[in-house]
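Structure data (mmCIF, C-alpha atoms, pLDDT in the B column; chains and numbers go by the auth columns) from final.cif:
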```cif
data_entry
#
loop_
_atom_site.group_PDB
_atom_site.id
_atom_site.type_symbol
_atom_site.label_atom_id
_atom_site.label_comp_id
_atom_site.label_asym_id
_atom_site.label_seq_id
_atom_site.Cartn_x
_atom_site.Cartn_y
_atom_site.Cartn_z
_atom_site.B_iso_or_equiv
_atom_site.auth_seq_id
_atom_site.auth_asym_id
ATOM 1 C CA MET A 1 74.220 229.055 169.838 79.00 29 A
ATOM 2 C CA VAL A 2 70.616 229.786 169.231 89.00 30 A
ATOM 3 C CA ASN A 3 67.817 229.095 171.632 94.00 31 A
ATOM 4 C CA TYR A 4 64.476 228.267 170.078 96.00 32 A
ATOM 5 C CA TYR A 5 61.179 229.254 171.629 95.00 33 A
ATOM 6 C CA ASN A 6 57.847 227.679 170.827 95.00 34 A
ATOM 7 C CA ILE A 7 55.499 230.572 169.992 93.00 35 A
ATOM 8 C CA ALA A 8 52.057 229.851 168.501 95.00 36 A
ATOM 9 C CA GLY A 9 53.167 226.331 167.652 95.00 37 A
ATOM 10 C CA ARG A 10 56.268 227.383 165.730 95.00 38 A
ATOM 11 C CA LYS A 11 59.932 227.337 166.664 95.00 39 A
ATOM 12 C CA ILE A 12 61.357 230.854 166.604 94.00 40 A
ATOM 13 C CA GLY A 13 65.032 231.583 167.181 96.00 41 A
ATOM 14 C CA SER A 14 66.140 234.001 169.861 95.00 42 A
ATOM 15 C CA HIS A 15 67.937 236.156 167.302 95.00 43 A
ATOM 16 C CA HIS A 16 64.669 236.626 165.368 96.00 44 A
ATOM 17 C CA LEU A 17 62.880 237.644 168.561 96.00 45 A
ATOM 18 C CA ALA A 18 65.645 240.137 169.365 96.00 46 A
ATOM 19 C CA MET A 19 65.506 241.660 165.866 97.00 47 A
ATOM 20 C CA GLY A 20 61.715 241.914 166.053 96.00 48 A
ATOM 21 C CA ILE A 21 61.795 243.612 169.443 97.00 49 A
ATOM 22 C CA LEU A 22 64.524 246.077 168.419 98.00 50 A
ATOM 23 C CA GLY A 23 62.779 246.822 165.115 97.00 51 A
ATOM 24 C CA GLY A 24 59.501 247.453 166.895 97.00 52 A
ATOM 25 C CA LEU A 25 61.205 249.643 169.488 98.00 53 A
ATOM 26 C CA PHE A 26 63.059 251.832 167.001 97.00 54 A
ATOM 27 C CA GLY A 27 60.081 251.930 164.635 96.00 55 A
ATOM 28 C CA GLY A 28 57.846 253.086 167.483 95.00 56 A
ATOM 29 C CA ILE A 29 60.344 255.743 168.521 95.00 57 A
ATOM 30 C CA TYR A 30 60.552 256.999 164.941 94.00 58 A
ATOM 31 C CA LEU A 31 56.774 257.193 164.565 91.00 59 A
ATOM 32 C CA ALA A 32 56.328 258.874 167.944 91.00 60 A
ATOM 33 C CA SER A 33 59.017 261.477 167.307 91.00 61 A
ATOM 34 C CA SER A 34 57.989 262.275 163.723 87.00 62 A
ATOM 35 C CA GLY A 35 54.752 263.913 164.890 79.00 63 A
ATOM 36 C CA GLY A 36 51.811 264.887 162.771 76.00 64 A
ATOM 37 C CA SER A 37 51.455 267.460 160.085 77.00 65 A
ATOM 38 C CA LYS A 38 51.303 271.053 161.212 76.00 66 A
ATOM 39 C CA LYS A 39 48.015 272.831 160.811 78.00 67 A
ATOM 40 C CA GLN A 40 47.989 275.978 158.757 76.00 68 A
ATOM 41 C CA VAL A 41 47.183 278.993 160.887 74.00 69 A
ATOM 42 C CA GLN A 42 44.426 281.049 159.308 77.00 70 A
ATOM 43 C CA THR A 43 45.259 284.712 159.843 73.00 71 A
ATOM 44 C CA PRO A 44 42.812 287.529 159.280 76.00 72 A
ATOM 45 C CA PRO A 45 43.412 289.721 156.217 81.00 73 A
ATOM 46 C CA ILE A 46 45.867 292.562 156.741 81.00 74 A
ATOM 47 C CA ASN A 47 44.530 295.955 155.714 84.00 75 A
ATOM 48 C CA ALA A 48 47.781 297.866 155.548 85.00 76 A
ATOM 49 C CA GLY A 49 48.344 301.144 153.804 88.00 77 A
ATOM 50 C CA SER A 50 51.815 300.223 152.527 90.00 78 A
ATOM 51 C CA LYS A 51 54.095 297.241 152.102 91.00 79 A
ATOM 52 C CA ASP A 52 56.279 298.360 155.030 92.00 80 A
ATOM 53 C CA GLU A 53 53.263 298.524 157.328 91.00 81 A
ATOM 54 C CA GLU A 54 52.214 295.027 156.243 87.00 82 A
ATOM 55 C CA LYS A 55 55.722 293.680 156.991 89.00 83 A
ATOM 56 C CA PHE A 56 55.645 295.360 160.408 90.00 84 A
ATOM 57 C CA ILE A 57 52.234 293.887 161.248 86.00 85 A
ATOM 58 C CA GLN A 58 53.384 290.384 160.206 85.00 86 A
ATOM 59 C CA TYR A 59 56.607 290.781 162.212 88.00 87 A
ATOM 60 C CA VAL A 60 54.743 291.806 165.360 87.00 88 A
ATOM 61 C CA TYR A 61 52.012 289.186 164.937 82.00 89 A
ATOM 62 C CA PHE A 62 54.326 286.222 164.316 80.00 90 A
ATOM 63 C CA SER A 63 56.922 287.230 166.927 82.00 91 A
ATOM 64 C CA ILE A 64 54.297 287.435 169.703 74.00 92 A
ATOM 65 C CA GLY A 65 51.839 284.746 168.660 55.00 93 A
#
```

Would you mind writing the structure in this file as structure tokens?
Amino acid sequence: MVNYYNIAGRKIGSHHLAMGILGGLFGGIYLASSGGSKKQVQTPPINAGSKDEEKFIQYVYFSIG
């Protein structure tokens, strides 16, 4: 059996209200948990003498920061 509610002058079934509430709830959870886009971190230029030194500097910088 369906109960009808009078909302804004229209009859709306209880099952439609339930689907709207659940859709809004799960849609809100999805939007809240998706987050924003990550900002690109601007790093200063690396003035390394060799490729190994550059890799070491990047390793130390990104493992600490």

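Atom pair atom CA of Ile49 of chain A / atom CA of Ala36 of chain A: separated by 16.9 Å.
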
Point-to-point distance in Å for atom CA of Ser65 of chain A and atom CA of Leu50 of chain A
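Between atom CA of Leu50 of chain A and atom CA of Ser65 of chain A the gap works out to 26.4 Å.
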
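Here atom CA of Val30 of chain A stands at a distance of 11.5 Å from atom CA of Ala46 of chain A.
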
Can you sort out the box for segment 45-51 of chain A, edges along x, y and z, all listed atoms in, 3 Å on every side, with centre and edge lengths in Å to one decimal, as JSON?
```
{"center_x": 63.7, "center_y": 242.2, "center_z": 167.3, "size_x": 9.9, "size_y": 15.2, "size_z": 10.3}
```

To test your reading of the syntax: which residues would the PyMOL selection byres ((chain A and resi 42-45) around 10) return for the file shown? Reply as an MDAnalysis selection string.
chainID A and resid 29:33 39:41 46:51

Near segment 82-91 of chain A, 12 Å: segment 44-74 of chain A residue rows, closest pairs, all atoms listed in the file, as CSV:
```
residue,atom,partner,partner_atom,distance
A:Val69,CA,A:Phe90,CA,10.7
A:Thr71,CA,A:Tyr89,CA,9.6
A:Pro72,CA,A:Tyr89,CA,10.9
A:Pro73,CA,A:Glu82,CA,10.3
A:Ile74,CA,A:Glu82,CA,6.8
```

Kindly save the residues from that selection, with C-alpha atoms included, as a compact mmCIF listing (two decimals), keeping the file's coordinate frame.
```txt
# COMPACT_ATOMS: atom_id res chain seq x y z
CA VAL A 69 47.18 278.99 160.89
CA THR A 71 45.26 284.71 159.84
CA PRO A 72 42.81 287.53 159.28
CA PRO A 73 43.41 289.72 156.22
CA ILE A 74 45.87 292.56 156.74
```
